[in-house]
Amino acid sequence: MARTNSDDLLMEDDLAAAFLGGEEELVAPVETEETAVVEEEIQEPSEPVEDEWENTDDFPGQLAVDVYETADKLVVKARTAGISKSDLDVSISDNILTISGVLSGGEDEQTTRWHIQECYWGEFSRTIALPVQVREDEDSVKAELKDGVLTITFEKEKTEAPKKINIQ
């Protein structure tokens with residue numbers, strides 16, 4: 001197995017063999033004074049560190065969105081699987097869109113211990129400054145919830161082409 005001048009470093013071929021299932025075995029690095037000092041400085045915490053994500057009551061979940069435009073429309077799409085129309089609130093003011101709601105269904109009173117908890121349950125909110133001016137009247141905005149996707153379509157404001165001003 002190829003080695004560099006330093007026994008602590010593996011050559012690129014050795015790393016590739018290790019990750020790609022090569023037949024060569026890796027040799028453990030030789031402990032030097034430098035590595036011994038570093039290992040002594042690493043200490044395990046005496047008390048368990050509180051999980052920063054356990055208390056999510058103060059921070060509502062974020063909603064992932066896609067925003068794109070066509071020639072005459074601006075479209076916002078958000079995955080909202082498992083959320084009913086009655087649990088969603090969509091509003092717009094001064095070209096700022098807010099989507100909020102509650103995703104319920106993850107609670108079970110009989111749960112005694114979680115093994116994996118990856119799904120977010122509870123309140124969520126997302127505020128987006130829209131990238132182009134849109135019409136905010138009810139006739140110009142359409143919102144549809146279909147197959148777990150919320151699609152909000154806005155008509156873009158008609159903007160006039162810049163006018164040339166003659167300097168006298």
# chains A, B, ... in the order shown; residues from 1 in each chain; ligands from 1

call {"tool": "residues_around", "arguments": {"residues": "Arg79 in chain A", "least_positions_apart": "2", "cutoff": "9 Å", "atoms": "only C-alpha atoms", "output": "VMD selection string"}}
result
chain A and resid 63 to 65 77 81 148 to 151

call {"tool": "closest_residue", "arguments": {"among": "A:Ser86, A:Gln62, A:Thr153, A:Ser104", "to": "Glu138 in chain A", "atoms": "only C-alpha atoms"}}
result
A:Thr153

call {"tool": "select_by_dssp", "arguments": {"residues": "range 56-160 of chain A", "states": "strand (DSSP E)", "output": "NGL selection string"}}
result
:A and (65-69 or 73-79 or 88-93 or 96-103 or 122-129 or 141-146 or 149-155)

call {"tool": "write_last_selection", "arguments": {"atoms": "N, CA and C atoms", "output": "compact mmCIF listing (two decimals), in the first residue's frame"}}
result
# COMPACT_ATOMS: atom_id res chain seq x y z
N VAL A 65 -41.11 26.22 -0.68
CA VAL A 65 -41.90 26.72 -1.80
C VAL A 65 -41.06 26.78 -3.07
N ASP A 66 -41.75 26.76 -4.20
CA ASP A 66 -41.17 27.05 -5.51
C ASP A 66 -41.89 28.29 -6.02
N VAL A 67 -41.13 29.24 -6.56
CA VAL A 67 -41.71 30.46 -7.11
C VAL A 67 -41.15 30.63 -8.52
N TYR A 68 -42.05 30.78 -9.50
CA TYR A 68 -41.61 31.00 -10.87
C TYR A 68 -42.61 31.89 -11.58
N GLU A 69 -42.21 32.41 -12.73
CA GLU A 69 -43.12 33.26 -13.48
C GLU A 69 -43.20 32.85 -14.94
N LYS A 73 -47.98 35.67 -15.56
CA LYS A 73 -48.36 35.20 -14.23
C LYS A 73 -47.13 34.93 -13.34
N LEU A 74 -47.36 34.97 -12.03
CA LEU A 74 -46.38 34.55 -11.04
C LEU A 74 -47.02 33.38 -10.30
N VAL A 75 -46.28 32.28 -10.16
CA VAL A 75 -46.83 31.08 -9.54
C VAL A 75 -46.00 30.70 -8.31
N VAL A 76 -46.69 30.39 -7.23
CA VAL A 76 -46.06 29.91 -6.01
C VAL A 76 -46.64 28.53 -5.72
N LYS A 77 -45.75 27.54 -5.56
CA LYS A 77 -46.20 26.18 -5.24
C LYS A 77 -45.56 25.76 -3.92
N ALA A 78 -46.34 25.05 -3.11
CA ALA A 78 -45.85 24.57 -1.82
C ALA A 78 -46.41 23.17 -1.58
N ARG A 79 -45.53 22.27 -1.11
CA ARG A 79 -46.00 20.93 -0.76
C ARG A 79 -46.70 21.01 0.59
N LEU A 88 -55.31 25.82 6.49
CA LEU A 88 -54.41 26.70 5.76
C LEU A 88 -54.92 28.14 5.79
N ASP A 89 -54.00 29.08 5.87
CA ASP A 89 -54.33 30.50 5.78
C ASP A 89 -53.35 31.14 4.80
N VAL A 90 -53.89 31.75 3.74
CA VAL A 90 -53.06 32.39 2.72
C VAL A 90 -53.50 33.84 2.63
N SER A 91 -52.52 34.77 2.72
CA SER A 91 -52.86 36.18 2.61
C SER A 91 -51.74 36.93 1.88
N ILE A 92 -52.11 38.07 1.29
CA ILE A 92 -51.13 38.92 0.61
C ILE A 92 -51.41 40.37 0.95
N SER A 93 -50.34 41.11 1.19
CA SER A 93 -50.44 42.53 1.48
C SER A 93 -49.14 43.19 1.05
N ILE A 96 -46.38 41.02 -0.35
CA ILE A 96 -45.79 40.04 0.56
C ILE A 96 -46.82 38.96 0.82
N LEU A 97 -46.45 37.72 0.46
CA LEU A 97 -47.33 36.57 0.60
C LEU A 97 -47.02 35.83 1.90
N THR A 98 -48.07 35.48 2.64
CA THR A 98 -47.91 34.70 3.86
C THR A 98 -48.78 33.46 3.76
N ILE A 99 -48.15 32.30 3.97
CA ILE A 99 -48.86 31.02 4.01
C ILE A 99 -48.59 30.45 5.39
N SER A 100 -49.66 30.14 6.11
CA SER A 100 -49.48 29.56 7.44
C SER A 100 -50.57 28.53 7.67
N GLY A 101 -50.36 27.72 8.69
CA GLY A 101 -51.34 26.70 9.00
C GLY A 101 -50.88 25.78 10.10
N VAL A 102 -51.60 24.67 10.21
CA VAL A 102 -51.29 23.68 11.24
C VAL A 102 -51.30 22.31 10.59
N LEU A 103 -50.25 21.55 10.83
CA LEU A 103 -50.17 20.17 10.36
C LEU A 103 -50.38 19.28 11.57
N GLY A 122 -47.34 20.39 13.66
CA GLY A 122 -47.62 21.62 14.39
C GLY A 122 -47.76 22.80 13.45
N GLU A 123 -47.60 23.98 14.00
CA GLU A 123 -47.77 25.22 13.24
C GLU A 123 -46.61 25.43 12.28
N PHE A 124 -46.92 26.01 11.14
CA PHE A 124 -45.88 26.39 10.18
C PHE A 124 -46.26 27.74 9.59
N SER A 125 -45.27 28.43 9.08
CA SER A 125 -45.52 29.73 8.48
C SER A 125 -44.41 30.05 7.50
N ARG A 126 -44.77 30.73 6.42
CA ARG A 126 -43.77 31.16 5.43
C ARG A 126 -44.22 32.49 4.88
N THR A 127 -43.33 33.47 4.92
CA THR A 127 -43.59 34.79 4.37
C THR A 127 -42.60 35.03 3.25
N ILE A 128 -43.12 35.45 2.10
CA ILE A 128 -42.28 35.62 0.91
C ILE A 128 -42.53 37.00 0.32
N ALA A 129 -41.47 37.76 0.10
CA ALA A 129 -41.56 39.00 -0.67
C ALA A 129 -41.55 38.59 -2.13
N VAL A 141 -56.16 36.55 -8.32
CA VAL A 141 -55.40 35.56 -7.56
C VAL A 141 -56.22 34.27 -7.48
N LYS A 142 -55.56 33.15 -7.76
CA LYS A 142 -56.23 31.85 -7.65
C LYS A 142 -55.38 30.95 -6.77
N ALA A 143 -56.03 30.27 -5.82
CA ALA A 143 -55.33 29.31 -4.96
C ALA A 143 -56.04 27.98 -5.07
N GLU A 144 -55.24 26.92 -5.27
CA GLU A 144 -55.81 25.59 -5.43
C GLU A 144 -54.98 24.60 -4.61
N LEU A 145 -55.67 23.74 -3.88
CA LEU A 145 -55.02 22.67 -3.13
C LEU A 145 -55.43 21.35 -3.78
N LYS A 146 -54.44 20.70 -4.42
CA LYS A 146 -54.74 19.46 -5.14
C LYS A 146 -53.58 18.50 -4.95
N VAL A 149 -50.49 19.61 -3.01
CA VAL A 149 -49.71 20.75 -3.49
C VAL A 149 -50.61 21.98 -3.52
N LEU A 150 -50.20 23.02 -2.82
CA LEU A 150 -50.90 24.30 -2.85
C LEU A 150 -50.29 25.13 -3.98
N THR A 151 -51.12 25.54 -4.93
CA THR A 151 -50.66 26.36 -6.04
C THR A 151 -51.39 27.69 -6.00
N ILE A 152 -50.63 28.77 -5.91
CA ILE A 152 -51.19 30.12 -5.89
C ILE A 152 -50.70 30.83 -7.15
N THR A 153 -51.65 31.32 -7.95
CA THR A 153 -51.30 31.96 -9.22
C THR A 153 -51.76 33.42 -9.17
N PHE A 154 -50.82 34.31 -9.42
CA PHE A 154 -51.10 35.74 -9.44
C PHE A 154 -50.96 36.28 -10.86
N GLU A 155 -51.81 37.25 -11.21
CA GLU A 155 -51.60 37.98 -12.45
C GLU A 155 -50.57 39.06 -12.16

call {"tool": "atom_distance", "arguments": {"atom1": "CA of Thr80 in chain A", "atom2": "CA of Asp147 in chain A"}}
result
8.7 Å
